[in-house]
file entry11.txt (compact mmCIF, C-alpha atoms)
# COMPACT_ATOMS: atom_id res chain seq x y z
CA MET A 12 25.70 18.66 -50.88
CA ASN A 13 28.23 16.29 -49.36
CA LEU A 14 29.56 13.25 -51.19
CA PHE A 15 30.23 11.18 -48.07
CA ARG A 16 27.21 11.77 -45.91
CA PRO A 17 24.76 10.43 -46.21
CA LEU A 18 26.00 7.53 -48.27
CA PRO A 19 23.19 5.60 -49.95
CA ASP A 20 22.45 2.02 -49.01
CA VAL A 21 23.88 -0.06 -51.81
CA GLY A 22 21.89 -3.15 -52.63
CA ASP A 23 22.27 -5.29 -55.71
CA THR A 24 23.27 -2.46 -57.99
CA GLU A 25 25.57 0.49 -57.56
CA VAL A 26 23.98 3.87 -56.88
CA VAL A 27 24.55 6.72 -59.32
CA ASP A 28 23.78 10.34 -58.41
CA ARG A 29 23.98 13.13 -60.93
CA LEU A 30 25.86 16.01 -59.32
CA PHE A 31 26.11 18.37 -62.23
CA ALA A 32 25.21 18.39 -65.92
CA ARG A 33 25.49 20.81 -68.78
CA PRO A 34 26.09 20.23 -72.51
CA GLY A 35 29.36 18.37 -72.84
CA LEU A 36 29.91 17.88 -69.11
CA GLN A 37 28.40 15.49 -66.57
CA ILE A 38 29.62 14.89 -63.04
CA ASP A 39 28.32 11.85 -61.15
CA ARG A 40 28.92 10.16 -57.84
CA ILE A 41 28.84 6.38 -58.02
CA VAL A 42 28.73 4.27 -54.87
CA SER A 43 29.62 0.60 -55.20
CA ARG A 44 29.83 -2.17 -52.63
CA GLY A 45 31.21 -5.27 -54.26
CA GLN A 46 29.67 -4.59 -57.68
CA VAL A 47 31.75 -5.41 -60.72
CA SER A 48 31.17 -5.21 -64.47
CA PRO A 49 29.28 -8.22 -65.82
CA PRO A 50 31.49 -11.10 -67.01
CA GLY A 51 32.91 -10.34 -70.44
CA PHE A 52 31.47 -6.84 -70.48
CA TRP A 53 33.67 -3.90 -71.45
CA TYR A 54 32.67 -0.26 -71.26
CA ASP A 55 33.15 1.39 -74.66
CA GLU A 56 32.17 4.94 -73.81
CA PRO A 57 31.98 7.50 -76.61
CA ARG A 58 32.70 10.32 -74.16
CA GLY A 59 35.91 10.86 -72.28
CA GLU A 60 35.74 10.08 -68.58
CA TRP A 61 37.96 11.52 -65.89
CA VAL A 62 37.62 9.32 -62.81
CA LEU A 63 38.61 9.92 -59.19
CA LEU A 64 38.24 7.27 -56.52
CA LEU A 65 37.24 9.04 -53.32
CA ALA A 66 36.86 6.17 -50.85
CA GLY A 67 37.07 2.39 -50.78
CA ALA A 68 39.03 0.32 -53.26
CA ALA A 69 38.58 -1.00 -56.78
CA ARG A 70 40.38 -2.84 -59.51
CA LEU A 71 40.08 -1.32 -62.97
CA ARG A 72 41.10 -3.23 -66.06
CA PHE A 73 41.81 -1.89 -69.54
CA ALA A 74 41.54 -4.11 -72.61
CA ASP A 75 44.88 -2.75 -73.83
CA GLU A 76 46.83 -3.44 -70.63
CA PRO A 77 47.82 -6.88 -69.33
CA ALA A 78 47.49 -6.09 -65.62
CA PRO A 79 44.61 -4.46 -63.80
CA ARG A 80 45.11 -1.26 -61.82
CA MET A 81 44.38 -1.17 -58.11
CA LEU A 82 42.74 2.11 -57.16
CA GLY A 83 42.54 3.61 -53.69
CA PRO A 84 41.41 6.96 -52.32
CA GLY A 85 42.83 9.85 -54.30
CA ASP A 86 43.72 7.84 -57.39
CA CYS A 87 42.54 9.49 -60.58
CA ILE A 88 42.77 8.59 -64.22
CA ASP A 89 41.58 9.95 -67.53
CA ILE A 90 39.90 7.37 -69.75
CA ILE A 91 39.84 8.59 -73.34
CA PRO A 92 36.78 7.93 -75.52
CA HIS A 93 36.36 4.31 -76.59
CA ARG A 94 39.19 2.99 -74.44
CA ARG A 95 37.65 -0.28 -73.38
CA HIS A 96 37.66 -0.88 -69.65
CA ARG A 97 35.84 -2.79 -66.95
CA VAL A 98 35.66 -2.89 -63.17
CA ASP A 99 37.01 -6.25 -62.03
CA TRP A 100 36.52 -5.79 -58.32
CA THR A 101 35.25 -3.39 -55.71
CA ASP A 102 35.61 -3.87 -51.99
CA PRO A 103 32.60 -5.82 -50.72
CA ASP A 104 33.08 -4.65 -47.14
CA VAL A 105 33.06 -0.88 -47.49
CA ALA A 106 31.48 1.65 -49.81
CA THR A 107 33.61 2.58 -52.79
CA VAL A 108 32.85 6.15 -53.85
CA TRP A 109 33.74 7.30 -57.36
CA LEU A 110 33.60 10.73 -58.87
CA THR A 111 33.19 10.56 -62.65
CA VAL A 112 33.50 13.54 -64.97
CA PHE A 113 32.21 12.75 -68.48
CA TYR A 114 33.20 15.23 -71.15
CA GLY A 115 32.77 15.75 -74.87
CA MET B 24 48.32 10.04 -60.16
CA ASN B 25 47.10 10.33 -56.59
CA LEU B 26 45.66 13.54 -55.18
CA PHE B 27 46.70 12.85 -51.59
CA ARG B 28 50.20 11.51 -51.90
CA PRO B 29 52.49 13.09 -52.20
CA LEU B 30 51.01 16.37 -51.05
CA PRO B 31 53.17 19.36 -51.98
CA ASP B 32 54.83 21.48 -49.33
CA VAL B 33 52.72 24.60 -49.11
CA GLY B 34 54.69 27.75 -48.41
CA ASP B 35 53.43 31.29 -48.72
CA THR B 36 51.12 30.56 -51.60
CA GLU B 37 48.75 27.73 -52.35
CA VAL B 38 49.87 25.10 -54.83
CA VAL B 39 47.87 24.54 -58.01
CA ASP B 40 48.33 21.43 -60.17
CA ARG B 41 46.64 21.03 -63.51
CA LEU B 42 45.14 17.53 -63.62
CA PHE B 43 43.30 17.71 -66.91
CA ALA B 44 42.58 20.29 -69.58
CA ARG B 45 40.73 20.39 -72.85
CA PRO B 46 38.74 23.17 -74.54
CA GLY B 47 35.97 24.19 -72.16
CA LEU B 48 37.13 21.99 -69.27
CA GLN B 49 39.94 22.30 -66.75
CA ILE B 50 40.41 20.19 -63.63
CA ASP B 51 42.88 21.36 -60.98
CA ARG B 52 44.00 20.29 -57.55
CA ILE B 53 44.64 23.19 -55.19
CA VAL B 54 46.39 22.66 -51.87
CA SER B 55 46.09 25.40 -49.28
CA ARG B 56 47.43 25.70 -45.77
CA GLY B 57 46.05 28.79 -44.13
CA GLN B 58 45.90 30.81 -47.35
CA VAL B 59 42.91 33.10 -47.85
CA SER B 60 41.84 35.52 -50.56
CA PRO B 61 43.47 38.95 -50.19
CA PRO B 62 41.49 41.47 -48.10
CA GLY B 63 38.69 42.95 -50.15
CA PHE B 64 39.35 40.66 -53.10
CA TRP B 65 36.49 38.77 -54.75
CA TYR B 66 36.84 36.17 -57.46
CA ASP B 67 34.72 37.14 -60.46
CA GLU B 68 35.34 34.15 -62.69
CA PRO B 69 33.92 34.16 -66.23
CA ARG B 70 33.82 30.35 -66.27
CA GLY B 71 31.64 28.18 -64.12
CA GLU B 72 33.46 26.33 -61.36
CA TRP B 73 32.36 23.11 -59.72
CA VAL B 74 34.29 22.74 -56.47
CA LEU B 75 34.81 19.72 -54.21
CA LEU B 76 36.68 19.94 -50.95
CA LEU B 77 38.61 16.70 -50.54
CA ALA B 78 40.47 17.24 -47.26
CA GLY B 79 40.94 19.91 -44.62
CA ALA B 80 38.52 22.74 -43.97
CA ALA B 81 37.69 26.11 -45.49
CA ARG B 82 35.25 28.96 -45.22
CA LEU B 83 33.85 30.18 -48.51
CA ARG B 84 31.97 33.47 -48.75
CA PHE B 85 29.66 34.66 -51.50
CA ALA B 86 29.01 38.36 -52.07
CA ASP B 87 25.28 37.62 -52.33
CA GLU B 88 24.99 35.67 -49.06
CA PRO B 89 25.22 37.14 -45.59
CA ALA B 90 26.93 34.18 -43.91
CA PRO B 91 29.98 32.25 -45.07
CA ARG B 92 29.81 28.53 -45.75
CA MET B 93 31.97 26.13 -43.80
CA LEU B 94 33.28 23.38 -46.05
CA GLY B 95 34.64 20.01 -44.97
CA PRO B 96 35.67 16.85 -46.81
CA GLY B 97 33.08 15.82 -49.38
CA ASP B 98 31.35 19.19 -49.60
CA CYS B 99 30.80 20.30 -53.17
CA ILE B 100 29.25 23.34 -54.74
CA ASP B 101 28.69 24.73 -58.21
CA ILE B 102 29.71 28.37 -58.56
CA ILE B 103 28.06 29.88 -61.62
CA PRO B 104 30.01 32.32 -63.81
CA HIS B 105 30.56 35.75 -62.25
CA ARG B 106 29.15 34.80 -58.89
CA ARG B 107 31.52 36.75 -56.69
CA HIS B 108 33.15 34.72 -53.95
CA ARG B 109 36.21 34.62 -51.76
CA VAL B 110 37.96 32.21 -49.43
CA ASP B 111 37.79 33.69 -45.93
CA TRP B 112 39.71 30.98 -44.12
CA THR B 113 41.51 27.70 -44.61
CA ASP B 114 42.80 25.51 -41.82
CA PRO B 115 46.37 26.61 -40.97
CA ASP B 116 47.21 23.30 -39.31
CA VAL B 117 46.45 20.78 -42.06
CA ALA B 118 46.48 20.75 -45.83
CA THR B 119 43.19 21.69 -47.44
CA VAL B 120 42.82 19.91 -50.77
CA TRP B 121 40.38 21.27 -53.35
CA LEU B 122 39.28 19.78 -56.63
CA THR B 123 38.11 22.47 -59.04
CA VAL B 124 36.37 21.79 -62.33
CA PHE B 125 36.20 24.91 -64.53
CA TYR B 126 33.80 24.71 -67.43
CA GLY B 127 32.52 26.88 -70.25
call {"tool": "encode", "arguments": {"input": "entry11.txt", "output": "structure tokens"}}
result
Amino acid sequence: MNLFRPLPDVGDTEVVDRLFARPGLQIDRIVSRGQVSPPGFWYDEPRGEWVLLLAGAARLRFADEPAPRMLGPGDCIDIIPHRRHRVDWTDPDVATVWLTVFYG
Amino acid sequence: MNLFRPLPDVGDTEVVDRLFARPGLQIDRIVSRGQVSPPGFWYDEPRGEWVLLLAGAARLRFADEPAPRMLGPGDCIDIIPHRRHRVDWTDPDVATVWLTVFYG
């Protein structure tokens, strides 16, 4: 399995592939191309989520921070359970590839 | 935190950085530059290990497979507990960056 080839064609919605799952642990690849969270929508995830941006670029916003965070390849962040966040922007011109590790 | 910059200087031994840890889950970055497992040594890890090669190149060998596996950027593999394996080769000319997710 390779996370970069092939990359899926991304249409209207981002493409999520389950890479690994066991009780309490789920690893996904998400491929976006311009997709953002719906207006006014905030993720409020009961599980923790460790996120690594592998390719592309995105802007991640937290409800408890005034400024969004620009993410590029190699940037990683742990999002604790119920920390409200949304994706404000992903690059419309290239594939943005995320690795997400949900735990707990 | 960014996994690619800065990269640590790798001397005689590979460099391991703990990125995240909680009971039953540990995420590390490992940076190698030519390091291999000692002759005759096999990892026999009681935890499962989901591995993603982020940069560089490596050759991973399993005791139960005749041929080694060449890994490049984006290649990932789940190594179940106690599946004996070793790293036969890593590129001596560039940094090889691994993401390892230990579970269980």
call {"tool": "closest_residue", "arguments": {"input": "entry11.txt", "among": "B:Pro91, B:Gly127, B:Pro62, B:Gly97", "to": "Leu18 in chain A", "atoms": "all atoms listed in the file"}}
result
B:Gly97
call {"tool": "interface_residues", "arguments": {"input": "entry11.txt", "of": "chain A", "to": "chain B", "cutoff": "6 Å", "atoms": "all atoms listed in the file", "output": "MDAnalysis selection string"}}
result
chainID A and resid 12:15 85:87
call {"tool": "closest_residue", "arguments": {"input": "entry11.txt", "among": "B:Phe125, B:Leu83, B:Val110, B:Val120", "to": "Val33 in chain B", "atoms": "only C-alpha atoms"}}
result
B:Val120
call {"tool": "atom_distance", "arguments": {"input": "entry11.txt", "atom1": "CA of Arg70 in chain A", "atom2": "CA of Val47 in chain A"}}
result
9.1 Å
call {"tool": "residues_around", "arguments": {"input": "entry11.txt", "residues": "Val54 in chain B", "least_positions_apart": "5", "cutoff": "12 Å", "atoms": "only C-alpha atoms", "output": "PyMOL selection string"}}
result
chain B and resi 26-41+59+76-81+113-115+117-123
call {"tool": "residues_around", "arguments": {"input": "entry11.txt", "residues": "range 64-71 of chain B", "least_positions_apart": "4", "cutoff": "6 Å", "atoms": "all atoms listed in the file", "output": "list of chain:residue names"}}
result
B:Ile102, B:Ile103, B:Pro104, B:His105, B:Arg107, B:His108, B:Arg109, B:Phe125, B:Tyr126, B:Gly127
call {"tool": "write_last_selection", "arguments": {"input": "entry11.txt", "atoms": "C-alpha atoms", "output": "tab-separated table (two decimals), in the coordinates of the input"}}
result
chain	number	residue	atom	x	y	z
B	102	ILE	CA	29.71	28.37	-58.56
B	103	ILE	CA	28.06	29.88	-61.62
B	104	PRO	CA	30.01	32.32	-63.81
B	105	HIS	CA	30.56	35.75	-62.25
B	107	ARG	CA	31.52	36.75	-56.69
B	108	HIS	CA	33.15	34.72	-53.95
B	109	ARG	CA	36.21	34.62	-51.76
B	125	PHE	CA	36.20	24.91	-64.53
B	126	TYR	CA	33.80	24.71	-67.43
B	127	GLY	CA	32.52	26.88	-70.25
call {"tool": "atom_distance", "arguments": {"input": "entry11.txt", "atom1": "CA of Ser48 in chain A", "atom2": "CA of Trp100 in chain A"}}
result
8.2 Å
call {"tool": "atom_distance", "arguments": {"input": "entry11.txt", "atom1": "CA of Gln37 in chain A", "atom2": "CA of Arg84 in chain B"}}
result
25.6 Å
call {"tool": "axis_aligned_box", "arguments": {"input": "entry11.txt", "around": "range 93-98 of chain B", "padding_each_side": "8 Å", "output": "AutoDock Vina command-line options"}}
result
--center_x 33.5 --center_y 21.0 --center_z -46.7 --size_x 20.3 --size_y 26.3 --size_z 21.8
call {"tool": "build_atoms", "arguments": {"input": "entry11.txt", "residues": "range 64-75 of chain B", "atoms": "all heavy atoms", "output": "PDB file, in the coordinates of the input"}}
result
ATOM      1  N   PHE B  64      39.358  41.266 -51.765  1.00  0.00           N
ATOM      2  CA  PHE B  64      39.350  40.660 -53.100  1.00  0.00           C
ATOM      3  C   PHE B  64      38.191  39.683 -53.251  1.00  0.00           C
ATOM      4  O   PHE B  64      37.903  38.896 -52.347  1.00  0.00           O
ATOM      5  CB  PHE B  64      40.667  39.906 -53.340  1.00  0.00           C
ATOM      6  CG  PHE B  64      40.689  39.131 -54.620  1.00  0.00           C
ATOM      7  CD1 PHE B  64      41.000  39.743 -55.821  1.00  0.00           C
ATOM      8  CD2 PHE B  64      40.370  37.771 -54.635  1.00  0.00           C
ATOM      9  CE1 PHE B  64      41.006  39.024 -57.009  1.00  0.00           C
ATOM     10  CE2 PHE B  64      40.374  37.049 -55.817  1.00  0.00           C
ATOM     11  CZ  PHE B  64      40.692  37.677 -57.009  1.00  0.00           C
ATOM     12  N   TRP B  65      37.534  39.739 -54.414  1.00  0.00           N
ATOM     13  CA  TRP B  65      36.490  38.770 -54.750  1.00  0.00           C
ATOM     14  C   TRP B  65      36.815  38.147 -56.098  1.00  0.00           C
ATOM     15  O   TRP B  65      37.118  38.867 -57.054  1.00  0.00           O
ATOM     16  CB  TRP B  65      35.117  39.459 -54.855  1.00  0.00           C
ATOM     17  CG  TRP B  65      34.631  40.022 -53.552  1.00  0.00           C
ATOM     18  CD1 TRP B  65      34.890  41.269 -53.073  1.00  0.00           C
ATOM     19  CD2 TRP B  65      33.821  39.363 -52.572  1.00  0.00           C
ATOM     20  NE1 TRP B  65      34.281  41.431 -51.837  1.00  0.00           N
ATOM     21  CE2 TRP B  65      33.622  40.283 -51.512  1.00  0.00           C
ATOM     22  CE3 TRP B  65      33.243  38.087 -52.483  1.00  0.00           C
ATOM     23  CZ2 TRP B  65      32.865  39.951 -50.387  1.00  0.00           C
ATOM     24  CZ3 TRP B  65      32.481  37.767 -51.361  1.00  0.00           C
ATOM     25  CH2 TRP B  65      32.302  38.692 -50.330  1.00  0.00           C
ATOM     26  N   TYR B  66      36.755  36.838 -56.158  1.00  0.00           N
ATOM     27  CA  TYR B  66      36.840  36.170 -57.460  1.00  0.00           C
ATOM     28  C   TYR B  66      35.601  36.526 -58.267  1.00  0.00           C
ATOM     29  O   TYR B  66      34.477  36.515 -57.743  1.00  0.00           O
ATOM     30  CB  TYR B  66      36.892  34.654 -57.297  1.00  0.00           C
ATOM     31  CG  TYR B  66      38.172  34.110 -56.722  1.00  0.00           C
ATOM     32  CD1 TYR B  66      38.258  33.761 -55.380  1.00  0.00           C
ATOM     33  CD2 TYR B  66      39.286  33.930 -57.537  1.00  0.00           C
ATOM     34  CE1 TYR B  66      39.427  33.248 -54.842  1.00  0.00           C
ATOM     35  CE2 TYR B  66      40.467  33.409 -57.008  1.00  0.00           C
ATOM     36  CZ  TYR B  66      40.529  33.068 -55.657  1.00  0.00           C
ATOM     37  OH  TYR B  66      41.689  32.566 -55.142  1.00  0.00           O
ATOM     38  N   ASP B  67      35.820  36.849 -59.544  1.00  0.00           N
ATOM     39  CA  ASP B  67      34.720  37.140 -60.460  1.00  0.00           C
ATOM     40  C   ASP B  67      35.038  36.393 -61.749  1.00  0.00           C
ATOM     41  O   ASP B  67      35.460  36.965 -62.742  1.00  0.00           O
ATOM     42  CB  ASP B  67      34.618  38.651 -60.680  1.00  0.00           C
ATOM     43  CG  ASP B  67      33.398  39.030 -61.496  1.00  0.00           C
ATOM     44  OD1 ASP B  67      32.661  38.121 -61.951  1.00  0.00           O
ATOM     45  OD2 ASP B  67      33.184  40.231 -61.700  1.00  0.00           O
ATOM     46  N   GLU B  68      34.840  35.083 -61.688  1.00  0.00           N
ATOM     47  CA  GLU B  68      35.340  34.150 -62.690  1.00  0.00           C
ATOM     48  C   GLU B  68      34.360  34.038 -63.857  1.00  0.00           C
ATOM     49  O   GLU B  68      33.175  33.762 -63.640  1.00  0.00           O
ATOM     50  CB  GLU B  68      35.554  32.799 -62.002  1.00  0.00           C
ATOM     51  CG  GLU B  68      35.837  31.624 -62.876  1.00  0.00           C
ATOM     52  CD  GLU B  68      37.184  31.730 -63.596  1.00  0.00           C
ATOM     53  OE1 GLU B  68      38.168  32.165 -62.965  1.00  0.00           O
ATOM     54  OE2 GLU B  68      37.216  31.385 -64.800  1.00  0.00           O
ATOM     55  N   PRO B  69      34.842  34.252 -65.094  1.00  0.00           N
ATOM     56  CA  PRO B  69      33.920  34.160 -66.230  1.00  0.00           C
ATOM     57  C   PRO B  69      33.467  32.741 -66.542  1.00  0.00           C
ATOM     58  O   PRO B  69      32.446  32.534 -67.189  1.00  0.00           O
ATOM     59  CB  PRO B  69      34.726  34.742 -67.397  1.00  0.00           C
ATOM     60  CG  PRO B  69      36.158  34.597 -66.989  1.00  0.00           C
ATOM     61  CD  PRO B  69      36.185  34.688 -65.494  1.00  0.00           C
ATOM     62  N   ARG B  70      34.232  31.743 -66.079  1.00  0.00           N
ATOM     63  CA  ARG B  70      33.820  30.350 -66.270  1.00  0.00           C
ATOM     64  C   ARG B  70      33.031  29.867 -65.060  1.00  0.00           C
ATOM     65  O   ARG B  70      33.174  30.396 -63.957  1.00  0.00           O
ATOM     66  CB  ARG B  70      35.043  29.455 -66.449  1.00  0.00           C
ATOM     67  CG  ARG B  70      35.882  29.792 -67.667  1.00  0.00           C
ATOM     68  CD  ARG B  70      37.174  28.995 -67.672  1.00  0.00           C
ATOM     69  NE  ARG B  70      38.024  29.366 -66.529  1.00  0.00           N
ATOM     70  CZ  ARG B  70      39.208  28.820 -66.271  1.00  0.00           C
ATOM     71  NH1 ARG B  70      39.679  27.852 -67.045  1.00  0.00           N
ATOM     72  NH2 ARG B  70      39.923  29.223 -65.239  1.00  0.00           N
ATOM     73  N   GLY B  71      32.234  28.842 -65.257  1.00  0.00           N
ATOM     74  CA  GLY B  71      31.640  28.180 -64.120  1.00  0.00           C
ATOM     75  C   GLY B  71      32.698  27.343 -63.417  1.00  0.00           C
ATOM     76  O   GLY B  71      33.718  26.973 -64.015  1.00  0.00           O
ATOM     77  N   GLU B  72      32.457  27.065 -62.144  1.00  0.00           N
ATOM     78  CA  GLU B  72      33.460  26.330 -61.360  1.00  0.00           C
ATOM     79  C   GLU B  72      32.722  25.392 -60.406  1.00  0.00           C
ATOM     80  O   GLU B  72      32.026  25.835 -59.502  1.00  0.00           O
ATOM     81  CB  GLU B  72      34.303  27.336 -60.566  1.00  0.00           C
ATOM     82  CG  GLU B  72      35.406  26.708 -59.736  1.00  0.00           C
ATOM     83  CD  GLU B  72      36.200  27.750 -58.945  1.00  0.00           C
ATOM     84  OE1 GLU B  72      35.845  28.959 -59.006  1.00  0.00           O
ATOM     85  OE2 GLU B  72      37.147  27.364 -58.244  1.00  0.00           O
ATOM     86  N   TRP B  73      32.912  24.103 -60.641  1.00  0.00           N
ATOM     87  CA  TRP B  73      32.360  23.110 -59.720  1.00  0.00           C
ATOM     88  C   TRP B  73      33.489  22.723 -58.767  1.00  0.00           C
ATOM     89  O   TRP B  73      34.572  22.326 -59.199  1.00  0.00           O
ATOM     90  CB  TRP B  73      31.841  21.892 -60.502  1.00  0.00           C
ATOM     91  CG  TRP B  73      31.102  20.908 -59.652  1.00  0.00           C
ATOM     92  CD1 TRP B  73      29.768  20.934 -59.351  1.00  0.00           C
ATOM     93  CD2 TRP B  73      31.635  19.748 -59.011  1.00  0.00           C
ATOM     94  NE1 TRP B  73      29.452  19.863 -58.551  1.00  0.00           N
ATOM     95  CE2 TRP B  73      30.575  19.116 -58.313  1.00  0.00           C
ATOM     96  CE3 TRP B  73      32.914  19.183 -58.922  1.00  0.00           C
ATOM     97  CZ2 TRP B  73      30.744  17.955 -57.568  1.00  0.00           C
ATOM     98  CZ3 TRP B  73      33.079  18.027 -58.167  1.00  0.00           C
ATOM     99  CH2 TRP B  73      32.006  17.426 -57.508  1.00  0.00           C
ATOM    100  N   VAL B  74      33.237  22.876 -57.478  1.00  0.00           N
ATOM    101  CA  VAL B  74      34.290  22.740 -56.470  1.00  0.00           C
ATOM    102  C   VAL B  74      33.950  21.609 -55.516  1.00  0.00           C
ATOM    103  O   VAL B  74      32.818  21.503 -55.046  1.00  0.00           O
ATOM    104  CB  VAL B  74      34.447  24.044 -55.661  1.00  0.00           C
ATOM    105  CG1 VAL B  74      35.510  23.896 -54.589  1.00  0.00           C
ATOM    106  CG2 VAL B  74      34.757  25.210 -56.561  1.00  0.00           C
ATOM    107  N   LEU B  75      34.947  20.793 -55.202  1.00  0.00           N
ATOM    108  CA  LEU B  75      34.810  19.720 -54.210  1.00  0.00           C
ATOM    109  C   LEU B  75      35.956  19.836 -53.229  1.00  0.00           C
ATOM    110  O   LEU B  75      37.123  19.860 -53.637  1.00  0.00           O
ATOM    111  CB  LEU B  75      34.851  18.360 -54.918  1.00  0.00           C
ATOM    112  CG  LEU B  75      35.027  17.116 -54.061  1.00  0.00           C
ATOM    113  CD1 LEU B  75      33.879  16.956 -53.067  1.00  0.00           C
ATOM    114  CD2 LEU B  75      35.143  15.864 -54.942  1.00  0.00           C
TER     115      LEU B  75
END
